[in-house]
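Novice: Compact mmCIF, C-alpha atoms, saved as input34.txt, coming up:
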# COMPACT_ATOMS: atom_id res chain seq x y z
CA ASP A 294 -1.55 31.86 -21.03
CA GLY A 295 -1.65 29.86 -17.81
CA GLY A 296 1.52 29.40 -15.89
CA ILE A 297 3.70 30.20 -12.94
CA THR A 298 5.60 33.44 -12.61
CA GLN A 299 8.50 34.10 -10.31
CA SER A 300 10.03 37.47 -9.79
CA PRO A 301 12.60 38.76 -9.97
CA LYS A 302 14.79 36.47 -12.09
CA TYR A 303 17.94 37.66 -10.30
CA LEU A 304 18.08 39.01 -6.77
CA PHE A 305 21.02 40.38 -4.84
CA ARG A 306 21.06 41.02 -1.11
CA LYS A 307 23.50 41.83 1.62
CA GLU A 308 24.10 39.32 4.35
CA GLY A 309 21.80 39.83 7.32
CA GLN A 310 18.85 41.07 5.27
CA ASN A 311 15.61 39.19 4.81
CA VAL A 312 14.42 38.83 1.23
CA THR A 313 11.09 37.69 -0.22
CA LEU A 314 10.76 35.75 -3.46
CA SER A 315 7.50 35.97 -5.31
CA CYS A 316 5.55 33.08 -6.83
CA GLU A 317 2.19 33.46 -8.57
CA GLN A 318 0.18 30.90 -10.52
CA ASN A 319 -2.96 31.22 -12.62
CA LEU A 320 -3.42 27.50 -13.20
CA ASN A 321 -6.00 27.19 -10.40
CA HIS A 322 -3.78 24.58 -8.77
CA ASP A 323 -4.37 23.72 -5.14
CA ALA A 324 -0.84 22.81 -4.12
CA MET A 325 2.28 24.93 -4.32
CA TYR A 326 5.89 24.17 -3.50
CA TRP A 327 9.26 25.83 -3.01
CA TYR A 328 12.49 24.07 -3.92
CA ARG A 329 16.10 24.99 -3.61
CA GLN A 330 18.61 23.92 -6.26
CA ASP A 331 22.38 23.88 -5.66
CA PRO A 332 25.07 22.85 -8.16
CA GLY A 333 25.46 19.09 -8.37
CA GLN A 334 22.34 18.43 -6.35
CA GLY A 335 18.78 17.77 -7.22
CA LEU A 336 15.91 19.88 -6.03
CA ARG A 337 15.27 19.93 -2.31
CA LEU A 338 11.89 20.79 -0.86
CA ILE A 339 11.70 23.82 1.43
CA TYR A 340 7.95 24.22 2.04
CA TYR A 341 4.69 23.16 0.48
CA SER A 342 1.06 24.17 0.80
CA GLN A 343 -2.07 22.30 -0.22
CA ILE A 344 -4.63 24.86 0.87
CA VAL A 345 -4.90 28.53 1.69
CA ASN A 346 -3.62 29.46 5.15
CA ASP A 347 -1.90 26.12 5.61
CA PHE A 348 1.63 24.99 4.78
CA GLN A 349 4.08 22.31 5.80
CA LYS A 350 7.85 22.17 6.21
CA GLY A 351 9.91 20.25 3.73
CA ASP A 352 13.37 18.81 4.21
CA ILE A 353 15.27 22.10 4.50
CA ALA A 354 12.82 24.61 6.03
CA GLU A 355 15.24 26.11 8.54
CA GLY A 356 15.90 29.77 7.81
CA TYR A 357 12.89 30.12 5.50
CA SER A 358 9.29 31.17 5.97
CA VAL A 359 6.21 31.18 3.71
CA SER A 360 2.63 32.36 3.62
CA ARG A 361 -0.41 31.28 1.62
CA GLU A 362 -3.02 34.00 1.94
CA LYS A 363 -4.35 33.47 -1.58
CA LYS A 364 -4.62 30.34 -3.68
CA GLU A 365 -2.62 31.98 -6.45
CA SER A 366 0.31 33.19 -4.37
CA PHE A 367 2.99 31.49 -2.29
CA PRO A 368 5.83 33.88 -1.40
CA LEU A 369 9.03 32.61 0.19
CA THR A 370 11.05 34.69 2.65
CA VAL A 371 14.71 33.87 3.06
CA THR A 372 15.62 35.09 6.52
CA SER A 373 18.96 36.10 7.91
CA ALA A 374 18.95 32.81 9.83
CA GLN A 375 19.53 30.87 6.61
CA LYS A 376 23.25 30.12 6.67
CA ASN A 377 23.83 29.58 2.95
CA PRO A 378 21.06 31.45 1.12
CA THR A 379 22.82 31.83 -2.24
CA ALA A 380 21.05 29.36 -4.55
CA PHE A 381 18.52 28.95 -7.33
CA TYR A 382 14.94 28.84 -6.07
CA LEU A 383 12.12 27.14 -7.94
CA CYS A 384 8.41 27.41 -7.27
CA ALA A 385 6.03 24.71 -8.47
CA SER A 386 2.35 23.86 -8.34
CA SER A 387 0.19 20.81 -8.83
CA ILE A 388 -3.42 19.69 -9.02
CA LEU A 389 -4.69 17.70 -6.06
CA GLY A 390 -6.89 14.66 -6.45
CA GLN A 391 -6.03 13.67 -10.00
CA GLY A 392 -3.38 11.21 -8.97
CA SER A 393 -0.55 11.98 -11.36
CA TYR A 394 1.42 14.16 -8.89
CA GLU A 395 2.96 16.07 -11.79
CA GLN A 396 4.39 19.41 -10.74
CA TYR A 397 4.57 22.48 -12.96
CA PHE A 398 7.50 24.79 -12.43
CA GLY A 399 8.13 28.50 -12.63
CA PRO A 400 11.24 29.97 -14.29
CA GLY A 401 13.10 30.32 -10.98
CA THR A 402 14.89 33.07 -9.07
CA ARG A 403 18.64 33.19 -8.65
CA LEU A 404 19.43 34.68 -5.22
CA THR A 405 22.91 35.89 -4.44
CA VAL A 406 23.77 37.01 -0.92
CA THR A 407 27.10 38.71 -0.26
CA ALA B 101 12.56 7.05 2.83
CA GLN B 102 12.44 7.43 -0.91
CA THR B 103 15.70 8.06 -2.72
CA VAL B 104 16.55 8.64 -6.37
CA THR B 105 20.00 8.00 -7.81
CA GLN B 106 21.40 9.17 -11.13
CA SER B 107 24.83 7.67 -11.51
CA GLN B 108 25.90 9.61 -14.62
CA PRO B 109 26.75 13.23 -13.76
CA GLU B 110 27.57 14.05 -17.39
CA MET B 111 26.99 12.46 -20.78
CA SER B 112 27.45 13.48 -24.37
CA VAL B 113 26.03 12.25 -27.65
CA GLN B 114 26.40 13.10 -31.31
CA GLU B 115 23.49 14.75 -33.01
CA ALA B 116 21.05 12.20 -34.49
CA GLU B 117 22.33 9.38 -32.30
CA THR B 118 20.62 7.66 -29.38
CA VAL B 119 21.51 8.08 -25.71
CA THR B 120 20.22 6.45 -22.53
CA LEU B 121 20.21 8.13 -19.13
CA SER B 122 20.05 5.92 -16.05
CA CYS B 123 18.01 6.27 -12.89
CA THR B 124 17.42 3.99 -9.95
CA TYR B 125 15.18 4.58 -6.98
CA ASP B 126 14.39 3.04 -3.65
CA THR B 127 10.94 2.81 -2.13
CA SER B 128 8.66 0.51 -0.21
CA GLU B 129 5.57 1.97 -1.89
CA SER B 130 3.73 -0.17 -4.41
CA ASN B 131 2.02 2.58 -6.37
CA TYR B 132 3.83 5.69 -7.47
CA TYR B 133 4.82 7.85 -10.40
CA LEU B 134 8.21 8.38 -11.98
CA PHE B 135 9.18 11.41 -14.03
CA TRP B 136 11.94 12.75 -16.19
CA TYR B 137 12.28 16.52 -16.16
CA LYS B 138 14.50 18.53 -18.50
CA GLN B 139 16.21 21.74 -17.40
CA PRO B 140 17.77 23.58 -20.37
CA PRO B 141 20.18 26.51 -19.94
CA SER B 142 17.18 28.77 -19.34
CA ARG B 143 16.68 26.72 -16.14
CA GLN B 144 12.96 26.24 -16.77
CA MET B 145 11.99 22.76 -15.61
CA ILE B 146 10.01 20.94 -18.29
CA LEU B 147 8.31 17.58 -17.92
CA VAL B 148 9.63 15.15 -20.52
CA ILE B 149 7.80 11.96 -19.65
CA ARG B 150 6.01 10.22 -16.80
CA GLN B 151 5.35 6.59 -15.89
CA GLU B 152 2.78 5.11 -13.55
CA ALA B 153 4.20 2.23 -11.56
CA TYR B 154 1.20 -0.04 -12.02
CA LYS B 155 1.40 0.22 -15.80
CA GLN B 156 3.68 -2.38 -17.30
CA GLN B 157 3.86 -0.66 -20.67
CA ASN B 158 6.75 1.73 -21.00
CA ALA B 159 5.79 5.35 -21.63
CA THR B 160 6.81 7.06 -24.86
CA GLU B 161 6.64 10.68 -26.01
CA ASN B 162 7.87 11.14 -29.56
CA ARG B 163 11.67 10.69 -29.44
CA PHE B 164 11.65 10.02 -25.69
CA SER B 165 10.94 6.65 -24.17
CA VAL B 166 11.57 4.93 -20.88
CA ASN B 167 12.63 1.48 -19.79
CA PHE B 168 10.79 0.89 -16.53
CA GLN B 169 11.90 -2.15 -14.57
CA LYS B 170 9.78 -2.18 -11.42
CA ALA B 171 11.43 -5.17 -9.75
CA ALA B 172 14.87 -3.70 -10.31
CA LYS B 173 13.63 -0.19 -9.39
CA SER B 174 15.16 1.17 -12.53
CA PHE B 175 13.79 3.92 -14.77
CA SER B 176 16.03 4.88 -17.69
CA LEU B 177 15.32 7.51 -20.35
CA LYS B 178 16.16 6.89 -23.99
CA ILE B 179 16.45 9.82 -26.35
CA SER B 180 16.41 8.86 -30.01
CA ASP B 181 17.60 11.03 -32.90
CA SER B 182 19.23 13.47 -30.47
CA GLN B 183 18.91 17.13 -31.34
CA LEU B 184 20.97 20.14 -30.27
CA GLY B 185 17.95 21.39 -28.34
CA ASP B 186 18.10 18.30 -26.14
CA THR B 187 21.20 19.72 -24.45
CA ALA B 188 20.12 20.17 -20.83
CA MET B 189 20.20 18.81 -17.30
CA TYR B 190 17.89 15.86 -16.91
CA PHE B 191 16.37 15.02 -13.55
CA CYS B 192 14.73 11.76 -12.62
CA ALA B 193 11.98 12.17 -10.00
CA PHE B 194 9.74 9.95 -7.91
CA SER B 195 6.46 10.69 -6.17
CA TYR B 196 3.80 8.64 -4.39
CA ASN B 197 1.75 11.55 -3.08
CA ASN B 198 1.26 15.27 -3.54
CA ASN B 199 3.55 16.17 -0.69
CA ASP B 200 6.84 14.63 -1.57
CA MET B 201 8.57 14.56 -4.94
CA ARG B 202 12.15 13.27 -4.76
CA PHE B 203 14.71 14.25 -7.34
CA GLY B 204 17.99 12.73 -8.41
CA ALA B 205 21.13 14.86 -8.65
CA GLY B 206 20.74 15.17 -12.41
CA THR B 207 22.63 14.21 -15.55
CA ARG B 208 24.08 16.95 -17.74
CA LEU B 209 23.58 15.93 -21.37
CA THR B 210 25.45 17.64 -24.19
CA VAL B 211 24.44 17.00 -27.78
CA LYS B 212 27.34 17.62 -30.13
CA PRO B 213 26.91 18.73 -33.74
How would this structure read if it were set down as structure tokens?
Specialist:
Amino acid sequence: DGGITQSPKYLFRKEGQNVTLSCEQNLNHDAMYWYRQDPGQGLRLIYYSQIVNDFQKGDIAEGYSVSREKKESFPLTVTSAQKNPTAFYLCASSILGQGSYEQYFGPGTRLTVT
Amino acid sequence: AQTVTQSQPEMSVQEAETVTLSCTYDTSESNYYLFWYKQPPSRQMILVIRQEAYKQQNATENRFSVNFQKAAKSFSLKISDSQLGDTAMYFCAFSYNNNDMRFGAGTRLTVKP
């Protein structure tokens, strides 16, 4: 089955540690995205990438970093510079050039930093 | 800047009844897409329905339909014959390109037996 996988589902880290969240897709989609979801708020865009080895900052990129070495993979690193890292993180992907802009989402990772 | 507003943080409906969730948006773009996504307790985001701005006909998907009012920048979701499985957070979203999808804050819908 085609889809997006995110691992792990739950992640716990101590303050001051960097942590990397995994996102893999086998949909052959060109574009991939990372969103952060906090209670009472919609999804906010952290980073996106439309092509391998290229990515762009979203609205809340500070304290995060990404890489896109393969079309299928778009890992997100939450660095110690992120002031409030505890949140639910969603990865998404979309097809470029077909005009509908629909995004397909992974199951998410809940990160808790104490 | 594009913004999406959902003015109903929480709603409830009796099973088998109809409920309408509201969404307004602000944009200067003339061509765009609007979406309703459902996020059940599993937190998996699922596309419910989408509407192209240049299409006047309202989109429908089985029990789900929209009322798209382009001039008023309004995009409401109607759920008919509500089922317990419809209990979820519902997010309205707007996009005019592949780089920027804007989401509302969500409406938590509870379907009561």
Novice: Can I get the residues of chain B within 12 Å of chain A, each with the closest pair of atoms and their distance in Å to one decimal, using all atoms listed in the file, sorted chain first then ascending number, as a tab-separated table?
Specialist:
residue	atom	partner	partner_atom	distance
B:Ala101	CA	A:Asp352	CA	11.9
B:Thr103	CA	A:Gly335	CA	11.1
B:Val104	CA	A:Gly335	CA	9.4
B:Thr105	CA	A:Gly335	CA	9.9
B:Gln106	CA	A:Gly335	CA	9.8
B:Ser107	CA	A:Gly333	CA	11.9
B:Gln108	CA	A:Gly333	CA	11.4
B:Pro109	CA	A:Gly333	CA	8.1
B:Glu110	CA	A:Gly333	CA	10.5
B:Asn131	CA	A:Gly392	CA	10.5
B:Tyr132	CA	A:Ser393	CA	8.6
B:Tyr133	CA	A:Ser393	CA	6.8
B:Leu134	CA	A:Glu395	CA	9.3
B:Phe135	CA	A:Glu395	CA	8.1
B:Trp136	CA	A:Glu395	CA	10.5
B:Tyr137	CA	A:Gln396	CA	10.0
B:Lys138	CA	A:Phe398	CA	11.2
B:Gln139	CA	A:Pro400	CA	10.1
B:Pro140	CA	A:Pro400	CA	11.0
B:Pro141	CA	A:Pro400	CA	11.1
B:Ser142	CA	A:Pro400	CA	7.9
B:Arg143	CA	A:Pro400	CA	6.6
B:Gln144	CA	A:Pro400	CA	4.8
B:Met145	CA	A:Phe398	CA	5.9
B:Ile146	CA	A:Phe398	CA	7.4
B:Leu147	CA	A:Tyr397	CA	7.9
B:Val148	CA	A:Glu395	CA	11.0
B:Ile149	CA	A:Glu395	CA	10.1
B:Arg150	CA	A:Glu395	CA	8.3
B:Gln151	CA	A:Ser393	CA	9.2
B:Glu152	CA	A:Ser393	CA	7.9
B:Ala153	CA	A:Ser393	CA	10.8
B:Met189	CA	A:Gly335	CA	10.2
B:Tyr190	CA	A:Gly335	CA	9.9
B:Phe191	CA	A:Gly335	CA	7.3
B:Cys192	CA	A:Gly335	CA	9.0
B:Ala193	CA	A:Gly335	CA	9.2
B:Phe194	CA	A:Tyr394	CA	9.4
B:Ser195	CA	A:Tyr394	CA	6.7
B:Tyr196	CA	A:Tyr394	CA	7.5
B:Asn197	CA	A:Tyr394	CA	6.4
B:Asn198	CA	A:Tyr394	CA	5.5
B:Asn199	CA	A:Tyr341	CA	7.2
B:Asp200	CA	A:Leu338	CA	8.0
B:Met201	CA	A:Leu338	CA	8.2
B:Arg202	CA	A:Leu336	CA	7.7
B:Phe203	CA	A:Gly335	CA	5.4
B:Gly204	CA	A:Gly335	CA	5.2
B:Ala205	CA	A:Gly335	CA	4.0
B:Gly206	CA	A:Gly335	CA	6.1
B:Thr207	CA	A:Gly333	CA	9.1
B:Arg208	CA	A:Gly333	CA	9.7
Novice: Please provide the set of residues having any atom within 7 Å of Val113 of chain B, restricted to only C-alpha atoms, with same-chain residues fewer than 4 positions apart removed, written as a count of residues only.
Specialist: 5
Novice: Expressed in Å to a single decimal, how great is the separation between atom CA of Pro378 of chain A and atom CA of Leu209 of chain B?
Specialist: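 For atom CA of Pro378 of chain A relative to atom CA of Leu209 of chain B, the distance reads 27.4 Å.
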Novice: Could you give me, as a list of chain:residue names, the residues within 8 Å of Asn346 of chain A, counting all atoms listed in the file and dropping anything in the same chain fewer than 6 positions from it?
Specialist: A:Ser360, A:Arg361, A:Glu362, A:Lys363
Novice: Using Å and a single decimal, report how far atom CA of Ser122 of chain B sits from atom CA of Tyr154 of chain B.
Specialist: 20.2 Å
Novice: State, in Å with one decimal place, the distance from atom CA of Thr187 of chain B to atom CA of Thr405 of chain A.
Specialist: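 Computing it gives 25.8 Å between the two atoms.
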Novice: Given only C-alpha atoms as the basis, pick out the residue of A:Val345, A:Leu304, A:Leu320, A:Ile297 nearest to Val359 of chain A.
Specialist: A:Val345
Novice: Could you name the residues that touch Phe175 of chain B at 7 Å or less, counting only C-alpha atoms, but leaving out those on the same chain fewer than 2 positions away, as an MDAnalysis selection string?
Specialist: chainID B and resid 122:124 166:169 173 177
Novice: Find the spatial neighbours of Ser182 of chain B, counting all atoms listed in the file, within a cut-off of 7 Å - ignore same-chain residues fewer than 3 positions away - and output them as a list of chain:residue names.
Specialist: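 Near Ser182 of chain B, the qualifying residues are B:Glu115, B:Ala116, B:Glu117, B:Thr118, B:Ile179, B:Asp186, B:Val211.
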Novice: Would you mind putting back N, CA, C and O atoms on segment 337-355 of chain A, then writing it out as a PDB file, keeping the file's coordinate frame?
Specialist:
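Heads up, here's the output in selection-v8.pdb:
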ATOM      1  N   ARG A 337      15.631  20.271  -3.683  1.00  0.00           N
ATOM      2  CA  ARG A 337      15.270  19.930  -2.310  1.00  0.00           C
ATOM      3  C   ARG A 337      14.088  20.784  -1.862  1.00  0.00           C
ATOM      4  O   ARG A 337      14.086  21.991  -2.062  1.00  0.00           O
ATOM      5  N   LEU A 338      13.134  20.140  -1.231  1.00  0.00           N
ATOM      6  CA  LEU A 338      11.890  20.790  -0.860  1.00  0.00           C
ATOM      7  C   LEU A 338      12.054  21.636   0.397  1.00  0.00           C
ATOM      8  O   LEU A 338      12.535  21.163   1.429  1.00  0.00           O
ATOM      9  N   ILE A 339      11.613  22.903   0.297  1.00  0.00           N
ATOM     10  CA  ILE A 339      11.700  23.820   1.430  1.00  0.00           C
ATOM     11  C   ILE A 339      10.372  23.842   2.186  1.00  0.00           C
ATOM     12  O   ILE A 339      10.311  23.589   3.374  1.00  0.00           O
ATOM     13  N   TYR A 340       9.294  24.173   1.473  1.00  0.00           N
ATOM     14  CA  TYR A 340       7.950  24.220   2.040  1.00  0.00           C
ATOM     15  C   TYR A 340       6.954  23.823   0.961  1.00  0.00           C
ATOM     16  O   TYR A 340       7.226  23.971  -0.224  1.00  0.00           O
ATOM     17  N   TYR A 341       5.781  23.373   1.406  1.00  0.00           N
ATOM     18  CA  TYR A 341       4.690  23.160   0.480  1.00  0.00           C
ATOM     19  C   TYR A 341       3.376  23.529   1.143  1.00  0.00           C
ATOM     20  O   TYR A 341       3.279  23.566   2.376  1.00  0.00           O
ATOM     21  N   SER A 342       2.385  23.778   0.301  1.00  0.00           N
ATOM     22  CA  SER A 342       1.060  24.170   0.800  1.00  0.00           C
ATOM     23  C   SER A 342       0.004  23.519  -0.088  1.00  0.00           C
ATOM     24  O   SER A 342       0.105  23.570  -1.307  1.00  0.00           O
ATOM     25  N   GLN A 343      -0.988  22.928   0.531  1.00  0.00           N
ATOM     26  CA  GLN A 343      -2.070  22.300  -0.220  1.00  0.00           C
ATOM     27  C   GLN A 343      -3.358  23.110  -0.176  1.00  0.00           C
ATOM     28  O   GLN A 343      -4.288  22.825  -0.933  1.00  0.00           O
ATOM     29  N   ILE A 344      -3.410  24.096   0.728  1.00  0.00           N
ATOM     30  CA  ILE A 344      -4.630  24.860   0.870  1.00  0.00           C
ATOM     31  C   ILE A 344      -4.281  26.225   1.455  1.00  0.00           C
ATOM     32  O   ILE A 344      -3.256  26.368   2.138  1.00  0.00           O
ATOM     33  N   VAL A 345      -5.125  27.188   1.176  1.00  0.00           N
ATOM     34  CA  VAL A 345      -4.900  28.530   1.690  1.00  0.00           C
ATOM     35  C   VAL A 345      -4.801  28.504   3.214  1.00  0.00           C
ATOM     36  O   VAL A 345      -5.507  27.759   3.887  1.00  0.00           O
ATOM     37  N   ASN A 346      -3.855  29.296   3.716  1.00  0.00           N
ATOM     38  CA  ASN A 346      -3.620  29.460   5.150  1.00  0.00           C
ATOM     39  C   ASN A 346      -3.076  28.203   5.825  1.00  0.00           C
ATOM     40  O   ASN A 346      -3.167  28.074   7.063  1.00  0.00           O
ATOM     41  N   ASP A 347      -2.540  27.309   5.041  1.00  0.00           N
ATOM     42  CA  ASP A 347      -1.900  26.120   5.610  1.00  0.00           C
ATOM     43  C   ASP A 347      -0.674  25.759   4.796  1.00  0.00           C
ATOM     44  O   ASP A 347      -0.701  25.792   3.559  1.00  0.00           O
ATOM     45  N   PHE A 348       0.414  25.398   5.474  1.00  0.00           N
ATOM     46  CA  PHE A 348       1.630  24.990   4.780  1.00  0.00           C
ATOM     47  C   PHE A 348       2.434  24.085   5.701  1.00  0.00           C
ATOM     48  O   PHE A 348       2.249  24.086   6.916  1.00  0.00           O
ATOM     49  N   GLN A 349       3.304  23.301   5.060  1.00  0.00           N
ATOM     50  CA  GLN A 349       4.080  22.310   5.800  1.00  0.00           C
ATOM     51  C   GLN A 349       5.554  22.447   5.466  1.00  0.00           C
ATOM     52  O   GLN A 349       5.915  22.791   4.335  1.00  0.00           O
ATOM     53  N   LYS A 350       6.410  22.128   6.429  1.00  0.00           N
ATOM     54  CA  LYS A 350       7.850  22.170   6.210  1.00  0.00           C
ATOM     55  C   LYS A 350       8.288  21.005   5.332  1.00  0.00           C
ATOM     56  O   LYS A 350       7.776  19.885   5.459  1.00  0.00           O
ATOM     57  N   GLY A 351       9.253  21.293   4.491  1.00  0.00           N
ATOM     58  CA  GLY A 351       9.910  20.250   3.730  1.00  0.00           C
ATOM     59  C   GLY A 351      11.197  19.835   4.428  1.00  0.00           C
ATOM     60  O   GLY A 351      11.349  19.985   5.637  1.00  0.00           O
ATOM     61  N   ASP A 352      12.136  19.343   3.633  1.00  0.00           N
ATOM     62  CA  ASP A 352      13.370  18.810   4.210  1.00  0.00           C
ATOM     63  C   ASP A 352      14.326  19.882   4.731  1.00  0.00           C
ATOM     64  O   ASP A 352      15.127  19.621   5.623  1.00  0.00           O
ATOM     65  N   ILE A 353      14.269  21.087   4.153  1.00  0.00           N
ATOM     66  CA  ILE A 353      15.270  22.100   4.500  1.00  0.00           C
ATOM     67  C   ILE A 353      14.594  23.435   4.839  1.00  0.00           C
ATOM     68  O   ILE A 353      14.971  24.480   4.346  1.00  0.00           O
ATOM     69  N   ALA A 354      13.610  23.416   5.714  1.00  0.00           N
ATOM     70  CA  ALA A 354      12.820  24.610   6.030  1.00  0.00           C
ATOM     71  C   ALA A 354      13.544  25.621   6.924  1.00  0.00           C
ATOM     72  O   ALA A 354      13.136  26.787   6.988  1.00  0.00           O
ATOM     73  N   GLU A 355      14.577  25.211   7.595  1.00  0.00           N
ATOM     74  CA  GLU A 355      15.240  26.110   8.540  1.00  0.00           C
ATOM     75  C   GLU A 355      15.790  27.357   7.848  1.00  0.00           C
ATOM     76  O   GLU A 355      16.506  27.259   6.851  1.00  0.00           O
TER      77      GLU A 355
END
